[in-house]
>>> print(open('entry.txt').read())   # compact mmCIF, C-alpha atoms
# COMPACT_ATOMS: atom_id res chain seq x y z
CA MET A 1 0.00 0.00 0.00
CA ALA A 2 1.25 3.49 -0.87
CA MET A 3 2.14 5.54 2.19
CA LEU A 4 2.14 9.27 2.86
CA LYS A 5 4.88 10.96 4.88
CA VAL A 6 3.14 13.46 7.12
CA ALA A 7 4.99 16.00 9.28
CA VAL A 8 2.64 17.26 12.01
CA TRP A 9 3.31 20.10 14.46
CA ARG A 10 3.42 18.80 18.03
CA GLY A 11 3.64 21.01 21.10
CA ALA A 12 2.41 24.54 21.68
CA GLU A 13 4.23 27.78 20.77
CA LYS A 14 7.42 25.79 21.25
CA GLY A 15 7.46 22.41 19.64
CA GLY A 16 8.50 20.65 16.49
CA PHE A 17 7.33 18.56 13.57
CA GLN A 18 6.88 14.83 14.10
CA THR A 19 6.65 12.57 11.07
CA TYR A 20 4.02 9.85 10.66
CA GLU A 21 3.39 7.27 7.95
CA VAL A 22 -0.24 7.23 6.86
CA PRO A 23 -1.81 4.87 4.26
CA ARG A 24 -2.70 6.72 1.05
CA LEU A 25 -6.36 6.14 0.19
CA ALA A 26 -8.57 7.16 -2.72
CA SER A 27 -10.41 10.50 -2.35
CA GLN A 28 -8.59 11.11 0.94
CA THR A 29 -8.76 14.59 2.47
CA VAL A 30 -6.11 16.17 4.69
CA LEU A 31 -8.60 15.98 7.57
CA ASP A 32 -8.87 12.20 6.95
CA VAL A 33 -5.08 12.03 7.32
CA VAL A 34 -5.09 13.94 10.64
CA THR A 35 -7.98 11.81 11.91
CA HIS A 36 -6.10 8.61 10.98
CA ILE A 37 -3.06 9.77 12.95
CA GLN A 38 -5.17 10.61 16.01
CA ARG A 39 -7.26 7.42 15.92
CA ALA A 40 -4.74 4.82 14.76
CA ILE A 41 -1.27 6.11 15.64
CA ASP A 42 -1.19 8.71 18.41
CA PRO A 43 -4.37 9.48 20.40
CA SER A 44 -2.67 12.42 22.13
CA LEU A 45 -2.78 14.53 18.94
CA ALA A 46 -5.07 17.55 19.41
CA TYR A 47 -6.97 19.05 16.47
CA ARG A 48 -10.34 20.65 15.77
CA PHE A 49 -13.08 19.69 13.38
CA ALA A 50 -16.87 19.42 13.40
CA CYS A 51 -18.85 19.20 10.16
CA ARG A 52 -16.23 17.67 7.79
CA VAL A 53 -17.99 19.24 4.79
CA GLY A 54 -16.87 22.88 4.65
CA VAL A 55 -19.69 24.43 6.64
CA CYS A 56 -18.26 25.10 10.09
CA GLY A 57 -14.70 26.24 9.31
CA SER A 58 -13.18 24.73 12.46
CA CYS A 59 -10.66 22.44 10.70
CA ALA A 60 -8.57 25.25 9.17
CA MET A 61 -4.81 24.54 9.38
CA ASN A 62 -1.63 25.29 7.48
CA VAL A 63 -1.10 22.57 4.90
CA ASN A 64 2.32 22.69 3.23
CA GLY A 65 2.65 26.28 4.42
CA ARG A 66 -0.75 27.55 3.24
CA ALA A 67 -3.87 28.10 5.33
CA ARG A 68 -6.70 25.83 4.17
CA TRP A 69 -9.78 23.99 5.30
CA THR A 70 -8.40 20.47 5.73
CA CYS A 71 -11.83 18.88 5.15
CA ARG A 72 -12.09 20.42 1.68
CA THR A 73 -8.49 19.79 0.68
CA HIS A 74 -7.85 16.55 -1.15
CA VAL A 75 -4.46 14.96 -0.50
CA GLU A 76 -4.13 14.49 -4.26
CA LYS A 77 -4.17 18.25 -4.71
CA VAL A 78 -1.46 19.14 -2.20
CA ALA A 79 0.82 16.11 -1.80
CA ALA A 80 2.05 15.42 -5.30
CA ASP A 81 5.29 13.94 -3.94
CA GLY A 82 3.58 11.94 -1.19
CA GLN A 83 4.59 14.40 1.56
CA LEU A 84 2.47 16.67 3.73
CA GLU A 85 3.31 19.24 6.37
CA ILE A 86 0.44 20.10 8.69
CA ALA A 87 0.71 22.97 11.18
CA PRO A 88 -1.70 25.12 13.20
CA LEU A 89 -2.95 28.39 11.69
CA SER A 90 -0.41 31.24 11.72
CA ASN A 91 -0.76 34.49 13.71
CA LEU A 92 -2.74 32.86 16.54
CA PRO A 93 -1.42 31.44 19.83
CA VAL A 94 -1.11 27.64 19.71
CA ILE A 95 -2.88 25.84 22.56
CA LYS A 96 -1.74 22.34 21.64
CA ASP A 97 -0.59 20.69 18.41
CA LEU A 98 -3.00 21.85 15.67
CA VAL A 99 -5.37 23.78 17.94
CA THR A 100 -5.09 27.56 18.11
CA ASN A 101 -6.66 30.04 20.51
CA MET A 102 -8.99 32.15 18.36
CA GLU A 103 -9.93 34.60 21.10
CA GLN A 104 -8.03 37.57 19.62
CA PHE A 105 -9.50 36.83 16.19
CA PHE A 106 -13.07 37.16 17.49
CA ASP A 107 -12.22 40.00 19.89
CA LYS A 108 -11.20 42.00 16.83
CA TRP A 109 -14.65 41.46 15.27
CA ALA A 110 -16.06 43.13 18.37
CA LYS A 111 -13.46 45.93 18.17
CA ALA A 112 -14.47 46.54 14.55
CA ARG A 113 -18.09 46.93 15.76
CA GLY A 114 -19.03 43.74 13.92
CA ARG A 115 -22.45 43.64 15.54
CA PHE A 116 -25.74 44.70 13.96
CA THR A 117 -27.73 47.40 15.75
CA GLY A 118 -31.06 48.29 14.19
CA ALA A 119 -33.66 50.94 14.99
CA ARG A 120 -36.79 48.82 14.51
CA THR A 121 -38.60 46.70 17.04
CA ARG A 122 -40.59 43.50 16.52
CA ASP A 123 -43.72 45.62 16.25
CA ASP A 124 -42.46 47.44 13.17
CA ASP A 125 -42.86 46.26 9.60
CA PHE A 126 -39.98 44.52 7.77
CA ALA A 127 -37.31 46.77 6.29
CA ARG A 128 -37.38 46.70 2.51
CA VAL A 129 -33.94 46.18 0.98
CA MET A 130 -33.87 45.90 -2.80
CA PRO A 131 -31.75 42.87 -3.84
CA ASP A 132 -30.19 44.80 -6.73
CA SER A 133 -29.31 47.93 -4.73
CA PRO A 134 -25.54 48.67 -4.65
CA GLN A 135 -25.39 48.31 -0.84
CA ARG A 136 -27.15 44.94 -0.88
CA ARG A 137 -24.73 43.72 -3.57
CA HIS A 138 -21.75 44.77 -1.42
CA VAL A 139 -23.26 42.85 1.50
CA ASP A 140 -23.85 39.78 -0.68
CA ALA A 141 -20.20 39.76 -1.74
CA GLY A 142 -18.91 39.46 1.82
CA ILE A 143 -21.70 37.99 3.94
CA GLU A 144 -20.84 34.30 3.47
CA CYS A 145 -17.82 34.53 5.82
CA ILE A 146 -17.96 31.76 8.44
CA GLY A 147 -15.06 33.01 10.57
CA CYS A 148 -12.64 30.14 9.92
CA GLY A 149 -9.54 32.32 10.34
CA VAL A 150 -7.83 31.33 7.05
CA CYS A 151 -7.52 34.96 5.91
CA TYR A 152 -6.26 36.05 9.32
CA SER A 153 -3.62 33.33 9.20
CA ALA A 154 -2.58 34.25 5.64
CA CYS A 155 -2.31 38.00 6.36
CA ASP A 156 1.23 39.38 6.71
CA VAL A 157 -0.01 42.66 8.15
CA VAL A 158 -1.42 40.75 11.15
CA GLN A 159 2.02 39.16 11.54
CA TRP A 160 3.85 42.49 11.30
CA LYS A 161 1.35 44.55 13.32
CA PRO A 162 -0.42 42.35 15.90
CA ASP A 163 -3.04 45.03 16.69
CA TYR A 164 -4.29 45.03 13.08
CA LEU A 165 -7.98 44.12 13.02
CA GLY A 166 -7.45 41.69 10.14
CA PRO A 167 -9.35 40.88 6.95
CA ALA A 168 -12.30 39.00 8.48
CA ALA A 169 -13.23 41.69 11.02
CA LEU A 170 -12.91 44.42 8.39
CA ASN A 171 -14.97 42.39 5.91
CA ARG A 172 -17.66 42.07 8.60
CA ALA A 173 -17.51 45.83 9.27
CA TRP A 174 -17.92 46.48 5.53
CA THR A 175 -21.03 44.28 5.26
CA LEU A 176 -22.59 46.12 8.24
CA HIS A 177 -21.53 49.49 6.82
CA ASN A 178 -23.64 48.61 3.78
CA ASP A 179 -26.59 47.33 5.82
CA VAL A 180 -29.09 50.17 5.40
CA ARG A 181 -30.89 49.14 8.62
CA ASP A 182 -27.81 49.53 10.82
CA THR A 183 -27.60 52.63 13.02
CA ARG A 184 -23.93 52.69 14.10
CA ARG A 185 -22.27 53.57 10.80
CA VAL A 186 -20.14 56.48 12.05
CA GLU A 187 -19.14 54.72 15.27
CA ARG A 188 -18.01 51.74 13.20
CA LEU A 189 -16.02 53.92 10.79
CA VAL A 190 -14.24 55.47 13.78
CA ALA A 191 -13.43 51.95 15.02
CA VAL A 192 -12.01 50.74 11.70
CA ALA A 193 -10.24 53.93 10.56
CA GLY A 194 -7.66 53.92 13.36
CA ASP A 195 -4.01 52.99 13.20
CA ALA A 196 -4.77 49.27 13.37
CA GLY A 197 -7.71 49.42 10.96
CA CYS A 198 -8.31 49.46 7.21
CA HIS A 199 -5.57 51.99 6.41
CA ALA A 200 -2.90 49.56 7.69
CA CYS A 201 -3.65 47.10 4.84
CA HIS A 202 -0.76 46.73 2.36
CA THR A 203 -2.96 45.12 -0.32
CA HIS A 204 -0.96 41.88 -0.42
CA MET A 205 -4.35 40.28 -1.14
CA SER A 206 -3.32 37.05 0.60
CA CYS A 207 -6.75 37.07 2.30
CA SER A 208 -8.55 37.19 -1.05
CA GLU A 209 -6.17 34.60 -2.51
CA ARG A 210 -6.72 32.06 0.28
CA CYS A 211 -10.37 32.54 1.34
CA PRO A 212 -12.07 29.14 0.88
CA LYS A 213 -15.40 30.94 0.27
CA GLN A 214 -13.86 33.04 -2.52
CA ILE A 215 -14.64 36.22 -0.60
CA ALA A 216 -12.26 39.11 -1.31
CA PRO A 217 -11.84 41.06 1.94
CA THR A 218 -9.63 43.43 -0.08
CA ILE A 219 -12.85 44.82 -1.62
CA GLY A 220 -14.29 45.66 1.79
CA ILE A 221 -11.03 47.09 3.10
CA ALA A 222 -10.74 49.40 0.05
CA GLY A 223 -14.41 50.34 0.52
CA LEU A 224 -13.88 51.17 4.19
CA LYS A 225 -10.88 53.36 3.27
CA ARG A 226 -13.06 55.33 0.84
CA ALA A 227 -15.96 55.53 3.31
CA ALA A 228 -13.68 56.71 6.14
CA ALA A 229 -12.10 59.36 3.88
CA ALA A 230 -15.54 60.57 2.74
CA ALA A 231 -16.78 60.70 6.36
CA ALA A 232 -13.68 62.66 7.37
CA LEU A 233 -14.30 65.17 4.56
CA ASP A 234 -17.92 65.52 5.73
CA GLY A 235 -16.70 66.21 9.25
CA GLU A 236 -18.27 63.01 10.65
CA LEU A 237 -15.00 61.47 11.89
CA MET B 1 3.42 30.07 13.97
CA LYS B 2 4.65 32.49 11.32
CA ASN B 3 4.14 32.40 7.58
CA ASP B 4 7.02 31.69 5.23
CA TYR B 5 7.47 32.09 1.46
CA ARG B 6 4.91 29.34 0.74
CA ALA B 7 2.07 31.46 2.13
CA ARG B 8 3.31 34.48 0.15
CA ASN B 9 3.93 32.85 -3.18
CA HIS B 10 1.08 34.37 -5.21
CA PRO B 11 0.97 37.15 -7.84
CA ALA B 12 -0.43 39.98 -5.68
CA TRP B 13 2.22 39.43 -2.99
CA TRP B 14 4.97 39.50 -5.63
CA ALA B 15 3.47 42.76 -6.93
CA PHE B 16 3.75 44.17 -3.41
CA ALA B 17 7.37 43.01 -3.13
CA VAL B 18 8.30 44.59 -6.49
CA HIS B 19 6.52 47.83 -5.56
CA ARG B 20 8.26 48.01 -2.18
CA ALA B 21 11.73 47.09 -3.51
CA SER B 22 11.49 49.53 -6.45
CA GLY B 23 10.33 52.28 -4.07
CA ILE B 24 13.27 51.75 -1.71
CA LEU B 25 15.82 51.61 -4.54
CA LEU B 26 14.38 54.77 -6.11
CA ALA B 27 14.57 56.53 -2.73
CA PHE B 28 18.30 55.70 -2.66
CA PHE B 29 18.68 57.06 -6.19
CA LEU B 30 16.99 60.42 -5.49
CA PRO B 31 19.88 62.04 -3.52
CA LEU B 32 22.22 61.08 -6.40
CA HIS B 33 19.78 62.62 -8.87
CA PHE B 34 19.65 65.90 -6.95
CA TRP B 35 23.45 65.92 -6.61
CA ALA B 36 23.74 65.51 -10.40
CA LEU B 37 21.33 68.42 -10.99
CA ALA B 38 23.24 70.52 -8.46
CA GLN B 39 26.35 70.28 -10.66
CA ALA B 40 24.71 72.98 -12.82
CA LEU B 41 25.17 75.38 -9.93
CA GLN B 42 28.95 74.95 -10.27
CA GLY B 43 28.79 76.06 -13.91
CA ALA B 44 28.26 74.45 -17.33
CA GLU B 45 31.69 72.82 -17.34
CA SER B 46 30.97 70.83 -14.20
CA LEU B 47 27.56 69.57 -15.42
CA ASP B 48 28.90 68.70 -18.88
CA GLY B 49 31.73 66.76 -17.28
CA PHE B 50 29.27 64.71 -15.30
CA LEU B 51 27.01 64.18 -18.34
CA ARG B 52 30.01 62.90 -20.34
CA TRP B 53 30.69 60.42 -17.55
CA THR B 54 27.10 59.13 -17.83
CA GLU B 55 27.69 58.23 -21.50
CA GLN B 56 29.70 55.17 -20.44
CA PRO B 57 28.05 51.84 -21.37
CA LEU B 58 27.87 50.58 -17.77
CA VAL B 59 26.15 53.79 -16.59
CA LYS B 60 23.71 53.58 -19.52
CA PHE B 61 22.96 49.99 -18.59
CA ALA B 62 22.29 51.04 -14.99
CA GLU B 63 20.06 53.82 -16.32
CA CYS B 64 17.92 51.23 -18.14
CA GLY B 65 17.50 49.44 -14.82
CA LEU B 66 16.50 52.71 -13.24
CA VAL B 67 13.82 53.34 -15.86
CA LEU B 68 12.57 49.77 -15.36
CA LEU B 69 12.28 50.48 -11.61
CA LEU B 70 10.43 53.74 -12.31
CA GLY B 71 8.06 51.93 -14.69
CA ALA B 72 7.42 49.15 -12.18
CA HIS B 73 6.75 51.60 -9.35
CA LEU B 74 4.49 53.76 -11.52
CA CYS B 75 2.45 50.84 -12.89
CA GLY B 76 2.24 49.17 -9.46
CA GLY B 77 1.04 52.43 -7.94
CA LEU B 78 -1.59 52.92 -10.64
CA ARG B 79 -2.79 49.37 -10.05
CA LEU B 80 -3.21 50.11 -6.31
CA LEU B 81 -5.10 53.32 -7.08
CA LEU B 82 -7.47 51.37 -9.36
CA ILE B 83 -8.12 48.86 -6.55
CA GLU B 84 -8.66 51.61 -3.97
CA PHE B 85 -10.80 54.01 -5.97
CA LEU B 86 -12.68 52.09 -8.64
CA PRO B 87 -15.43 49.51 -8.17
CA TRP B 88 -13.97 46.03 -7.77
CA HIS B 89 -13.54 43.82 -10.82
CA ASP B 90 -12.71 40.15 -10.82
CA HIS B 91 -9.81 40.59 -13.23
CA GLN B 92 -7.23 41.53 -10.60
CA LYS B 93 -4.65 39.08 -11.93
CA SER B 94 -5.07 40.47 -15.47
CA LEU B 95 -4.49 43.93 -14.01
CA LEU B 96 -1.30 42.61 -12.42
CA ALA B 97 -0.14 41.13 -15.70
CA ILE B 98 -0.85 44.43 -17.49
CA ALA B 99 1.09 46.39 -14.86
CA GLY B 100 4.04 43.96 -15.12
CA GLY B 101 3.97 44.01 -18.94
CA ALA B 102 3.75 47.81 -19.11
CA SER B 103 6.76 48.11 -16.77
CA VAL B 104 8.86 45.89 -19.03
CA VAL B 105 7.70 47.83 -22.12
CA ILE B 106 8.79 51.11 -20.50
CA GLY B 107 12.20 49.65 -19.60
CA LEU B 108 12.75 48.11 -23.06
CA ALA B 109 11.61 51.27 -24.86
CA PHE B 110 14.29 53.19 -23.00
CA ALA B 111 16.89 50.51 -23.74
CA LEU B 112 16.04 50.67 -27.48
CA ASN B 113 16.52 54.41 -27.39
CA VAL B 114 19.94 53.98 -25.79
CA VAL B 115 21.11 51.42 -28.36
>>> encode(input="entry.txt", output="structure tokens")
Amino acid sequence: MAMLKVAVWRGAEKGGFQTYEVPRLASQTVLDVVTHIQRAIDPSLAYRFACRVGVCGSCAMNVNGRARWTCRTHVEKVAADGQLEIAPLSNLPVIKDLVTNMEQFFDKWAKARGRFTGARTRDDDFARVMPDSPQRRHVDAGIECIGCGVCYSACDVVQWKPDYLGPAALNRAWTLHNDVRDTRRVERLVAVAGDAGCHACHTHMSCSERCPKQIAPTIGIAGLKRAAAAAALDGEL
Amino acid sequence: MKNDYRARNHPAWWAFAVHRASGILLAFFLPLHFWALAQALQGAESLDGFLRWTEQPLVKFAECGLVLLLGAHLCGGLRLLLIEFLPWHDHQKSLLAIAGGASVVIGLAFALNVV
């Protein structure tokens, strides 16, 4: 039987790669490989997963140096020479092995005012938002984010400037900025226009390159830059 | 964990690297450029002497590189402005290719002129 050589990160912030031999199977995903190691070789291996079908986003890891969803990555696609390197996501503290602490990632969503605040109550009628309106189209382009952290891991600005809010939080802020029902537009622009906000982006576009949902956070970040500049000119910021 | 070259190996990151490197190299060139212009303050003889020195093949070759850097920085900057100020289009990689191609055209056009 053909075997895969798989180097897996073991330890926490300090640690090293340990190599395992895993049987190569047809239609095998990288998550299948990690699961095989944990169930058949070393039960002490820690990793995260839930849905196994690209819905939850919890199995994101670095595979051969690139952030990916392991459940949606076929071994065939990434291990042409029969070798794999699997590591935890970058730019996040490692708890154990392949598990990262995503607290700072979600804290930054809150810092970017990534929460909807409307003016209507349950007694009011539904808001009417035309599907073909420019704002609704902007929201559509970014709303499918499931918070897996792949873009955050791929982003060099997060690595160079740890305060940087990151692509996912800014993408969330952009979708809310374009939500015509939301009432905290200016407050949100203040939150994302600071030193660690949208203006810190260097347009490497690694987020847009790696997003498994094909979202381009670069669009939202550029949009927030324009919106913040316009608000500053209007005297709102 | 930190990213290495494998996470960065994609066209837009290379465009960033070229834009940054060309910007830094051009910043080093600027003082030399101003010094050359300042030779005119010492009189025509001084400036002409310097200009004769620049006719050497090696200096001309370096000048072609300089124009290539200027072209790359200009085209890369225009590309960024298009991303920042125009509505998004899904042909970002084509835009990159156009910026790269235009830079080379600018550099080669100058080289042709020299030869």
>>> residues_around(input="entry.txt", residues="Val33 in chain A", least_positions_apart="2", cutoff="9 Å", atoms="only C-alpha atoms", output="PDB file with C-alpha atoms, keeping the file's coordinate frame")
ATOM      1  CA  LEU A   4       2.140   9.270   2.860  1.00  0.00           C
ATOM      2  CA  VAL A   6       3.140  13.460   7.120  1.00  0.00           C
ATOM      3  CA  VAL A  22      -0.240   7.230   6.860  1.00  0.00           C
ATOM      4  CA  PRO A  23      -1.810   4.870   4.260  1.00  0.00           C
ATOM      5  CA  ARG A  24      -2.700   6.720   1.050  1.00  0.00           C
ATOM      6  CA  GLN A  28      -8.590  11.110   0.940  1.00  0.00           C
ATOM      7  CA  THR A  29      -8.760  14.590   2.470  1.00  0.00           C
ATOM      8  CA  VAL A  30      -6.110  16.170   4.690  1.00  0.00           C
ATOM      9  CA  LEU A  31      -8.600  15.980   7.570  1.00  0.00           C
ATOM     10  CA  THR A  35      -7.980  11.810  11.910  1.00  0.00           C
ATOM     11  CA  HIS A  36      -6.100   8.610  10.980  1.00  0.00           C
ATOM     12  CA  ILE A  37      -3.060   9.770  12.950  1.00  0.00           C
ATOM     13  CA  GLN A  38      -5.170  10.610  16.010  1.00  0.00           C
ATOM     14  CA  VAL A  75      -4.460  14.960  -0.500  1.00  0.00           C
TER      15      VAL A  75
END
>>> closest_atom_pairs(input="entry.txt", of="chain B", to="chain A", cutoff="8 Å", atoms="only C-alpha atoms", output="tab-separated table")
residue	atom	partner	partner_atom	distance
B:Met1	CA	A:Ser90	CA	4.6
B:Lys2	CA	A:Ser90	CA	5.2
B:Asn3	CA	A:Ser90	CA	6.3
B:Asp4	CA	A:Gly65	CA	7.0
B:Arg6	CA	A:Gly65	CA	5.3
B:Ala7	CA	A:Arg66	CA	4.9
B:Arg8	CA	A:Ser206	CA	7.1
B:His10	CA	A:Glu209	CA	7.7
B:Ala12	CA	A:His204	CA	5.6
B:Trp13	CA	A:His204	CA	4.8
B:Ala15	CA	A:His204	CA	7.9
B:Phe16	CA	A:His204	CA	6.0
B:Leu80	CA	A:Thr203	CA	7.8
B:Ile83	CA	A:Ala222	CA	7.1
B:Glu84	CA	A:Ala222	CA	5.0
B:Phe85	CA	A:Arg226	CA	7.3
B:Trp88	CA	A:Ile219	CA	6.4
>>> atom_distance(input="entry.txt", atom1="CA of Trp35 in chain B", atom2="CA of Val18 in chain B")
26.2 Å
>>> atom_distance(input="entry.txt", atom1="CA of Met61 in chain A", atom2="CA of Arg48 in chain A")
9.3 Å
>>> residues_around(input="entry.txt", residues="Val53 in chain A", least_positions_apart="6", cutoff="10 Å", atoms="all atoms listed in the file", output="VMD selection string")
chain A and resid 59 69 to 72
>>> residues_near_point(input="entry.txt", point="(2.8, 20.6, 16.1)", cutoff="6 Å", atoms="all atoms listed in the file", output="VMD selection string")
chain A and resid 8 to 11 16 to 17 87 97 to 98
>>> closest_residue(input="entry.txt", among="A:Ala193, A:Ala60, A:Ala168, A:Ala7", to="Glu144 in chain A", atoms="all atoms listed in the file")
A:Ala168
